[in-house]
$ cat my_file28.cif   # mmCIF, C-alpha atoms; chains and numbers go by the auth columns
data_entry
#
loop_
_atom_site.group_PDB
_atom_site.id
_atom_site.type_symbol
_atom_site.label_atom_id
_atom_site.label_comp_id
_atom_site.label_asym_id
_atom_site.label_seq_id
_atom_site.Cartn_x
_atom_site.Cartn_y
_atom_site.Cartn_z
_atom_site.B_iso_or_equiv
_atom_site.auth_seq_id
_atom_site.auth_asym_id
ATOM 1 C CA MET A 1 101.713 122.206 59.010 0.00 183 A
ATOM 2 C CA THR A 2 101.909 121.948 62.793 0.00 184 A
ATOM 3 C CA VAL A 3 99.721 119.452 64.587 0.00 185 A
ATOM 4 C CA PRO A 4 98.172 120.970 67.742 0.00 186 A
ATOM 5 C CA ILE A 5 98.929 119.337 71.063 0.00 187 A
ATOM 6 C CA PRO A 6 95.862 117.422 72.247 0.00 188 A
ATOM 7 C CA PRO A 7 94.251 118.544 75.501 0.00 189 A
ATOM 8 C CA ASP A 8 95.287 116.852 78.744 0.00 190 A
ATOM 9 C CA ARG A 9 93.360 113.597 79.084 0.00 191 A
ATOM 10 C CA GLY A 10 95.186 112.384 82.162 0.00 192 A
ATOM 11 C CA LEU A 11 97.761 110.510 80.121 0.00 193 A
ATOM 12 C CA ARG A 12 100.648 112.689 81.249 0.00 194 A
ATOM 13 C CA THR A 13 101.181 112.540 84.936 0.00 195 A
ATOM 14 C CA THR A 14 103.830 114.008 87.152 0.00 196 A
ATOM 15 C CA LEU A 15 104.118 112.586 90.647 0.00 197 A
ATOM 16 C CA THR A 16 106.499 114.432 92.941 0.00 198 A
ATOM 17 C CA SER A 17 106.877 113.680 96.624 0.00 199 A
ATOM 18 C CA LEU A 18 108.918 114.207 99.716 0.00 200 A
ATOM 19 C CA GLY A 19 109.270 111.226 101.958 0.00 201 A
ATOM 20 C CA PHE A 20 111.442 109.170 104.182 0.00 202 A
ATOM 21 C CA ALA A 21 112.427 105.552 104.640 0.00 203 A
ATOM 22 C CA VAL A 22 113.651 103.682 107.670 0.00 204 A
ATOM 23 C CA ASN A 23 115.058 100.199 107.335 0.00 205 A
ATOM 24 C CA ARG A 24 116.937 97.683 109.439 0.00 206 A
ATOM 25 C CA ASP A 25 118.569 94.499 108.189 0.00 207 A
ATOM 26 C CA THR A 26 120.194 91.957 110.523 0.00 208 A
ATOM 27 C CA ARG A 27 120.457 89.066 108.001 0.00 209 A
ATOM 28 C CA PRO A 28 123.972 87.650 107.655 0.00 210 A
ATOM 29 C CA ASN A 29 123.272 86.760 103.991 0.00 211 A
ATOM 30 C CA ARG A 30 120.695 88.695 101.978 0.00 212 A
ATOM 31 C CA PHE A 31 120.594 86.189 99.096 0.00 213 A
ATOM 32 C CA TYR A 32 119.693 83.123 101.195 0.00 214 A
ATOM 33 C CA PRO A 33 118.894 84.289 104.720 0.00 215 A
ATOM 34 C CA THR A 34 118.721 81.677 107.464 0.00 216 A
ATOM 35 C CA THR A 35 118.565 84.001 110.476 0.00 217 A
ATOM 36 C CA GLY A 36 117.851 87.630 111.185 0.00 218 A
ATOM 37 C CA THR A 37 115.187 90.183 110.361 0.00 219 A
ATOM 38 C CA VAL A 38 114.484 92.880 107.785 0.00 220 A
ATOM 39 C CA SER A 39 112.100 95.724 108.484 0.00 221 A
ATOM 40 C CA GLU A 40 111.267 98.770 106.426 0.00 222 A
ATOM 41 C CA PHE A 41 108.879 101.689 106.692 0.00 223 A
ATOM 42 C CA THR A 42 108.416 104.238 103.919 0.00 224 A
ATOM 43 C CA SER A 43 106.232 107.295 103.725 0.00 225 A
ATOM 44 C CA ASP A 44 105.759 109.583 100.729 0.00 226 A
ATOM 45 C CA PHE A 45 103.860 112.866 100.619 0.00 227 A
ATOM 46 C CA PHE A 46 102.769 113.886 97.108 0.00 228 A
ATOM 47 C CA ALA A 47 101.657 117.512 96.742 0.00 229 A
ATOM 48 C CA ASN A 48 100.567 119.951 94.043 0.00 230 A
ATOM 49 C CA GLY A 49 102.977 122.481 95.548 0.00 231 A
ATOM 50 C CA LEU A 50 105.864 120.145 94.724 0.00 232 A
ATOM 51 C CA GLY A 51 104.767 119.832 91.094 0.00 233 A
ATOM 52 C CA SER A 52 102.711 116.685 91.539 0.00 234 A
ATOM 53 C CA LYS A 53 99.440 116.346 89.652 0.00 235 A
ATOM 54 C CA TYR A 54 97.836 114.590 92.653 0.00 236 A
ATOM 55 C CA SER A 55 97.977 115.287 96.393 0.00 237 A
ATOM 56 C CA PHE A 56 98.049 112.157 98.542 0.00 238 A
ATOM 57 C CA GLN A 57 100.100 110.216 101.057 0.00 239 A
ATOM 58 C CA SER A 58 101.482 106.694 100.805 0.00 240 A
ATOM 59 C CA TYR A 59 102.625 104.542 103.745 0.00 241 A
ATOM 60 C CA ARG A 60 104.232 101.077 103.528 0.00 242 A
ATOM 61 C CA ALA A 61 105.628 98.779 106.195 0.00 243 A
ATOM 62 C CA MET A 62 107.313 95.407 105.725 0.00 244 A
ATOM 63 C CA PHE A 63 108.766 92.907 108.205 0.00 245 A
ATOM 64 C CA ASN A 64 110.599 89.643 107.446 0.00 246 A
ATOM 65 C CA LYS A 65 111.948 87.202 110.032 0.00 247 A
ATOM 66 C CA TYR A 66 114.140 84.171 109.323 0.00 248 A
ATOM 67 C CA GLY A 67 114.989 81.343 111.664 0.00 249 A
ATOM 68 C CA SER A 68 116.977 78.144 111.252 0.00 250 A
ATOM 69 C CA LEU A 69 115.218 75.063 112.531 0.00 251 A
ATOM 70 C CA SER A 70 118.301 72.961 111.755 0.00 252 A
ATOM 71 C CA LYS A 71 121.266 73.072 109.386 0.00 253 A
ATOM 72 C CA ASN A 72 119.033 72.295 106.381 0.00 254 A
ATOM 73 C CA GLN A 73 115.726 73.894 107.440 0.00 255 A
ATOM 74 C CA VAL A 74 114.618 77.529 107.485 0.00 256 A
ATOM 75 C CA LEU A 75 111.323 79.058 108.526 0.00 257 A
ATOM 76 C CA ALA A 76 110.608 82.527 107.090 0.00 258 A
ATOM 77 C CA TYR A 77 107.800 84.921 107.990 0.00 259 A
ATOM 78 C CA ASN A 78 106.670 88.058 106.130 0.00 260 A
ATOM 79 C CA ALA A 79 104.162 90.793 107.006 0.00 261 A
ATOM 80 C CA PHE A 80 103.266 93.702 104.721 0.00 262 A
ATOM 81 C CA PHE A 81 101.020 96.738 105.202 0.00 263 A
ATOM 82 C CA CYS A 82 100.126 99.561 102.826 0.00 264 A
ATOM 83 C CA ALA A 83 97.797 102.545 103.161 0.00 265 A
ATOM 84 C CA THR A 84 97.056 105.687 101.156 0.00 266 A
ATOM 85 C CA GLY A 85 95.406 108.932 102.175 0.00 267 A
ATOM 86 C CA GLY A 86 94.191 111.976 100.290 0.00 268 A
ATOM 87 C CA GLN A 87 93.146 111.660 96.635 0.00 269 A
ATOM 88 C CA PRO A 88 95.564 109.245 94.925 0.00 270 A
ATOM 89 C CA PRO A 89 95.221 108.221 91.284 0.00 271 A
ATOM 90 C CA PHE A 90 94.153 104.584 90.922 0.00 272 A
ATOM 91 C CA TYR A 91 97.782 103.526 90.429 0.00 273 A
ATOM 92 C CA GLY A 92 98.789 105.352 93.626 0.00 274 A
ATOM 93 C CA ASN A 93 96.673 102.978 95.748 0.00 275 A
ATOM 94 C CA CYS A 94 97.903 99.752 97.323 0.00 276 A
ATOM 95 C CA ILE A 95 98.158 97.206 94.493 0.00 277 A
ATOM 96 C CA TYR A 96 98.587 93.466 95.041 0.00 278 A
ATOM 97 C CA GLY A 97 101.342 91.873 92.996 0.00 279 A
ATOM 98 C CA THR A 98 103.740 94.818 92.864 0.00 280 A
ATOM 99 C CA SER A 99 105.789 94.148 96.019 0.00 281 A
ATOM 100 C CA ASN A 100 105.728 90.340 96.423 0.00 282 A
ATOM 101 C CA GLU A 101 102.970 90.562 99.024 0.00 283 A
ATOM 102 C CA LEU A 102 101.445 87.177 98.208 0.00 284 A
ATOM 103 C CA ARG A 103 102.686 84.878 95.471 0.00 285 A
ATOM 104 C CA GLY A 104 100.529 84.189 92.466 0.00 286 A
ATOM 105 C CA TYR A 105 98.675 87.495 92.095 0.00 287 A
ATOM 106 C CA GLU A 106 99.107 89.585 88.966 0.00 288 A
ATOM 107 C CA ALA A 107 99.639 93.289 89.557 0.00 289 A
ATOM 108 C CA GLY A 108 96.513 95.419 89.382 0.00 290 A
ATOM 109 C CA ARG A 109 93.874 92.750 89.824 0.00 291 A
ATOM 110 C CA TYR A 110 93.254 93.764 93.455 0.00 292 A
ATOM 111 C CA LEU A 111 93.763 97.329 94.652 0.00 293 A
ATOM 112 C CA ASP A 112 92.326 99.674 97.257 0.00 294 A
ATOM 113 C CA ARG A 113 93.286 102.280 99.884 0.00 295 A
ATOM 114 C CA CYS A 114 94.546 99.741 102.457 0.00 296 A
ATOM 115 C CA MET A 115 96.246 96.380 102.117 0.00 297 A
ATOM 116 C CA ILE A 116 97.601 93.797 104.520 0.00 298 A
ATOM 117 C CA ALA A 117 99.328 90.493 103.794 0.00 299 A
ATOM 118 C CA THR A 118 101.237 87.841 105.711 0.00 300 A
ATOM 119 C CA GLN A 119 103.106 84.712 104.600 0.00 301 A
ATOM 120 C CA LEU A 120 104.922 81.784 106.159 0.00 302 A
ATOM 121 C CA GLU A 121 107.523 79.773 104.254 0.00 303 A
ATOM 122 C CA TYR A 122 109.327 76.531 105.086 0.00 304 A
ATOM 123 C CA ARG A 123 112.553 75.670 103.211 0.00 305 A
ATOM 124 C CA LEU A 124 114.343 72.340 103.232 0.00 306 A
ATOM 125 C CA VAL A 125 117.760 71.994 101.581 0.00 307 A
ATOM 126 C CA LEU A 126 118.234 68.585 99.944 0.00 308 A
ATOM 127 C CA PRO A 127 121.430 67.023 98.544 0.00 309 A
ATOM 128 C CA LYS A 128 122.806 67.955 95.098 0.00 310 A
ATOM 129 C CA ARG A 129 121.406 71.504 95.128 0.00 311 A
ATOM 130 C CA PHE A 130 117.809 70.379 95.369 0.00 312 A
ATOM 131 C CA GLY A 131 115.353 71.892 97.784 0.00 313 A
ATOM 132 C CA LEU A 132 111.782 71.777 98.895 0.00 314 A
ATOM 133 C CA VAL A 133 109.705 74.865 99.726 0.00 315 A
ATOM 134 C CA GLY A 134 106.211 75.096 101.151 0.00 316 A
ATOM 135 C CA PHE A 135 104.453 78.375 101.792 0.00 317 A
ATOM 136 C CA GLY A 136 101.086 79.869 102.425 0.00 318 A
ATOM 137 C CA GLY A 137 99.694 83.277 103.110 0.00 319 A
ATOM 138 C CA ILE A 138 96.636 85.397 103.454 0.00 320 A
ATOM 139 C CA GLY A 139 95.840 89.060 103.020 0.00 321 A
ATOM 140 C CA GLY A 140 93.284 91.551 101.850 0.00 322 A
ATOM 141 C CA VAL A 141 92.519 94.953 100.387 0.00 323 A
ATOM 142 C CA ALA A 142 89.902 97.351 101.733 0.00 324 A
ATOM 143 C CA PRO A 143 88.831 100.984 101.383 0.00 325 A
ATOM 144 C CA GLY A 144 89.777 101.665 105.027 0.00 326 A
ATOM 145 C CA GLY A 145 91.768 100.054 107.833 0.00 327 A
ATOM 146 C CA ARG A 146 88.623 99.015 109.736 0.00 328 A
ATOM 147 C CA ASP A 147 86.960 97.554 106.625 0.00 329 A
ATOM 148 C CA PHE A 148 88.906 94.266 106.428 0.00 330 A
ATOM 149 C CA LEU A 149 86.468 91.359 106.516 0.00 331 A
ATOM 150 C CA PRO A 150 87.479 87.679 106.839 0.00 332 A
ATOM 151 C CA GLN A 151 85.265 86.712 103.898 0.00 333 A
ATOM 152 C CA GLN A 152 87.222 89.067 101.617 0.00 334 A
ATOM 153 C CA CYS A 153 90.666 87.601 102.244 0.00 335 A
ATOM 154 C CA LEU A 154 93.059 86.751 99.424 0.00 336 A
ATOM 155 C CA PRO A 155 94.675 83.340 99.991 0.00 337 A
ATOM 156 C CA SER A 156 98.046 82.371 98.601 0.00 338 A
ATOM 157 C CA GLY A 157 98.353 78.863 97.225 0.00 339 A
ATOM 158 C CA TRP A 158 100.788 76.185 98.222 0.00 340 A
ATOM 159 C CA ARG A 159 103.614 75.261 95.918 0.00 341 A
ATOM 160 C CA ARG A 160 106.433 72.803 96.071 0.00 342 A
ATOM 161 C CA ARG A 161 109.678 73.675 94.378 0.00 343 A
ATOM 162 C CA VAL A 162 112.144 71.107 93.107 0.00 344 A
ATOM 163 C CA ALA A 163 115.622 72.279 92.151 0.00 345 A
ATOM 164 C CA PHE A 164 116.047 75.964 91.402 0.00 346 A
ATOM 165 C CA HIS A 165 113.856 76.569 88.368 0.00 347 A
ATOM 166 C CA ALA A 166 111.126 73.934 88.183 0.00 348 A
ATOM 167 C CA GLU A 167 107.937 74.741 90.079 0.00 349 A
ATOM 168 C CA GLN A 168 104.618 72.957 90.256 0.00 350 A
ATOM 169 C CA ASP A 169 101.407 74.483 91.570 0.00 351 A
ATOM 170 C CA LEU A 170 99.365 72.505 94.034 0.00 352 A
ATOM 171 C CA PRO A 171 95.622 73.120 94.393 0.00 353 A
ATOM 172 C CA ARG A 172 94.538 75.930 96.675 0.00 354 A
ATOM 173 C CA GLU A 173 92.035 75.145 99.361 0.00 355 A
ATOM 174 C CA SER A 174 90.432 78.043 101.148 0.00 356 A
ATOM 175 C CA SER A 175 87.033 79.218 102.210 0.00 357 A
ATOM 176 C CA CYS A 176 88.010 82.812 101.458 0.00 358 A
ATOM 177 C CA ARG A 177 86.241 84.704 98.716 0.00 359 A
ATOM 178 C CA SER A 178 88.400 87.187 96.843 0.00 360 A
ATOM 179 C CA ARG A 179 87.460 90.823 96.535 0.00 361 A
ATOM 180 C CA ARG A 180 87.950 91.821 92.934 0.00 362 A
ATOM 181 C CA ARG A 181 88.186 95.382 91.677 0.00 363 A
#

$ encode --input "my_file28.cif" --output "structure tokens"
Amino acid sequence: MTVPIPPDRGLRTTLTSLGFAVNRDTRPNRFYPTTGTVSEFTSDFFANGLGSKYSFQSYRAMFNKYGSLSKNQVLAYNAFFCATGGQPPFYGNCIYGTSNELRGYEAGRYLDRCMIATQLEYRLVLPKRFGLVGFGGIGGVAPGGRDFLPQQCLPSGWRRRVAFHAEQDLPRESSCRSRRR
């Protein structure tokens, strides 16, 4: 007896795109950068004519800058932007937590057509392979680029890191209300 194939319920999806990526990396060491920049822009065009189930566009831009304040101190900055056009599936939208936009957000909790995030990080190298890191960031998701509102921002908490693997969360203080989807 042959079991019939169930009708398509959206569980099988083929996404096919043409796109391009441009990146530039001037860091002397990519594992622990102390100077330099990294920038990347990607664009993907998904189309039914290419065999994709959905037709939409995806755009992402990222910029990181690193600067040494002294031999043992580094200041790092990150900016991230994402936008989608057309009719993407929900998982084709900009999703917090999938590209290290802001620390502490699980993937899929916040998503929409546009996303922006920025972070600042301070690193201090201490003796015997210890270090201290402080960081903070803010960002948001919105249905359109002009729809970002300050009261909908997503804050990133502060954390101090001791050694390489032990981390302790510090309380977040922000007047921002999160937009949850």

$ atom_distance --input "my_file28.cif" --atom1 "atom CA of A:Pro271" --atom2 "atom CA of A:Glu288"
19.2 Å

$ resolve_selection --input "my_file28.cif" --expression "the PyMOL selection byres ((chain A and resi 248) around 8)" --output "list in words"
Pro215, Thr216, Thr217, Gly218, Thr219, Asn246, Lys247, Gly249, Ser250, Val256, Leu257, Ala258 and Tyr259 of chain A

$ atom_distance --input "my_file28.cif" --atom1 "atom CA of A:Tyr241" --atom2 "atom CA of A:Ser281"
13.3 Å

$ resolve_selection --input "my_file28.cif" --expression "the PyMOL selection byres ((chain A and resi 237) around 8)" --output "number ranges by chain"
A: 227-230, 234-236, 238-239, 268-270

$ closest_residue --input "my_file28.cif" --among "A:Lys310, A:Arg194, A:Arg242, A:Arg209" --to "A:Cys296" --atoms "only C-alpha atoms"
A:Arg242

$ atom_distance --input "my_file28.cif" --atom1 "atom CA of A:Gly267" --atom2 "atom CA of A:Glu283"
20.1 Å

$ closest_residue --input "my_file28.cif" --among "A:Phe272, A:Gly319, A:Asn254, A:Phe312" --to "A:Thr300" --atoms "all atoms listed in the file"
A:Gly319

$ resolve_selection --input "my_file28.cif" --expression "the PyMOL selection byres ((chain A and resi 279) around 12)" --output "list in words"
Cys276, Ile277, Tyr278, Thr280, Ser281, Asn282, Glu283, Leu284, Arg285, Gly286, Tyr287, Glu288, Ala289, Gly290, Arg291, Tyr292, Leu293, Met297, Ala299, Gly321, Gly322, Val323, Leu336 and Ser338 of chain A

$ residues_around --input "my_file28.cif" --residues "A:Gln255" --least-positions-apart "2" --cutoff "8 Å" --atoms "only C-alpha atoms" --output "list in words"
Ser250, Leu251, Ser252, Lys253, Leu257, Tyr304, Arg305, Leu306 and Val307 of chain A

$ build_atoms --input "my_file28.cif" --residues "stretch 276-299 of chain A" --atoms "N, CA and C atoms" --output "mmCIF file, in the coordinates of the input"
data_model
loop_
_atom_site.group_PDB
_atom_site.id
_atom_site.type_symbol
_atom_site.label_atom_id
_atom_site.label_comp_id
_atom_site.auth_asym_id
_atom_site.auth_seq_id
_atom_site.Cartn_x
_atom_site.Cartn_y
_atom_site.Cartn_z
ATOM 1 N N CYS A 276 97.200 100.992 97.002
ATOM 2 C CA CYS A 276 97.903 99.752 97.323
ATOM 3 C C CYS A 276 97.484 98.705 96.296
ATOM 4 N N ILE A 277 98.439 98.130 95.597
ATOM 5 C CA ILE A 277 98.158 97.206 94.493
ATOM 6 C C ILE A 277 98.833 95.865 94.770
ATOM 7 N N TYR A 278 98.028 94.812 94.878
ATOM 8 C CA TYR A 278 98.587 93.466 95.041
ATOM 9 C C TYR A 278 99.421 93.094 93.825
ATOM 10 N N GLY A 279 100.510 92.385 94.069
ATOM 11 C CA GLY A 279 101.342 91.873 92.996
ATOM 12 C C GLY A 279 102.510 92.753 92.617
ATOM 13 N N THR A 280 102.638 93.927 93.226
ATOM 14 C CA THR A 280 103.740 94.818 92.864
ATOM 15 C C THR A 280 104.910 94.749 93.844
ATOM 16 N N SER A 281 104.717 94.194 95.011
ATOM 17 C CA SER A 281 105.789 94.148 96.019
ATOM 18 C C SER A 281 105.946 92.768 96.642
ATOM 19 N N ASN A 282 105.617 91.715 95.923
ATOM 20 C CA ASN A 282 105.728 90.340 96.423
ATOM 21 C C ASN A 282 104.947 90.107 97.711
ATOM 22 N N GLU A 283 103.764 90.728 97.816
ATOM 23 C CA GLU A 283 102.970 90.562 99.024
ATOM 24 C C GLU A 283 102.534 89.108 99.190
ATOM 25 N N LEU A 284 101.833 88.586 98.230
ATOM 26 C CA LEU A 284 101.445 87.177 98.208
ATOM 27 C C LEU A 284 101.776 86.642 96.822
ATOM 28 N N ARG A 285 102.303 85.460 96.766
ATOM 29 C CA ARG A 285 102.686 84.878 95.471
ATOM 30 C C ARG A 285 101.460 84.489 94.666
ATOM 31 N N GLY A 286 101.568 84.655 93.366
ATOM 32 C CA GLY A 286 100.529 84.189 92.466
ATOM 33 C C GLY A 286 99.492 85.221 92.063
ATOM 34 N N TYR A 287 99.643 86.462 92.467
ATOM 35 C CA TYR A 287 98.675 87.495 92.095
ATOM 36 C C TYR A 287 99.301 88.434 91.071
ATOM 37 N N GLU A 288 98.616 88.649 89.962
ATOM 38 C CA GLU A 288 99.107 89.585 88.966
ATOM 39 C C GLU A 288 98.854 91.009 89.447
ATOM 40 N N ALA A 289 99.758 91.903 89.112
ATOM 41 C CA ALA A 289 99.639 93.289 89.557
ATOM 42 C C ALA A 289 98.402 93.950 88.979
ATOM 43 N N GLY A 290 97.659 94.647 89.822
ATOM 44 C CA GLY A 290 96.513 95.419 89.382
ATOM 45 C C GLY A 290 95.171 94.732 89.484
ATOM 46 N N ARG A 291 95.155 93.449 89.737
ATOM 47 C CA ARG A 291 93.874 92.750 89.824
ATOM 48 C C ARG A 291 93.124 93.149 91.094
ATOM 49 N N TYR A 292 93.843 93.348 92.176
ATOM 50 C CA TYR A 292 93.254 93.764 93.455
ATOM 51 C C TYR A 292 93.955 95.024 93.923
ATOM 52 N N LEU A 293 93.187 96.093 94.150
ATOM 53 C CA LEU A 293 93.763 97.329 94.652
ATOM 54 C C LEU A 293 92.720 98.076 95.467
ATOM 55 N N ASP A 294 93.195 98.833 96.441
ATOM 56 C CA ASP A 294 92.326 99.674 97.257
ATOM 57 C C ASP A 294 93.191 100.586 98.104
ATOM 58 N N ARG A 295 92.583 101.300 99.055
ATOM 59 C CA ARG A 295 93.286 102.280 99.884
ATOM 60 C C ARG A 295 94.154 101.639 100.955
ATOM 61 N N CYS A 296 93.780 100.444 101.422
ATOM 62 C CA CYS A 296 94.546 99.741 102.457
ATOM 63 C C CYS A 296 94.792 98.294 102.026
ATOM 64 N N MET A 297 95.908 97.759 102.452
ATOM 65 C CA MET A 297 96.246 96.380 102.117
ATOM 66 C C MET A 297 97.069 95.790 103.260
ATOM 67 N N ILE A 298 96.823 94.527 103.528
ATOM 68 C CA ILE A 298 97.601 93.797 104.520
ATOM 69 C C ILE A 298 97.829 92.391 103.991
ATOM 70 N N ALA A 299 99.010 91.843 104.244
ATOM 71 C CA ALA A 299 99.328 90.493 103.794
ATOM 72 C C ALA A 299 100.349 89.877 104.737
#
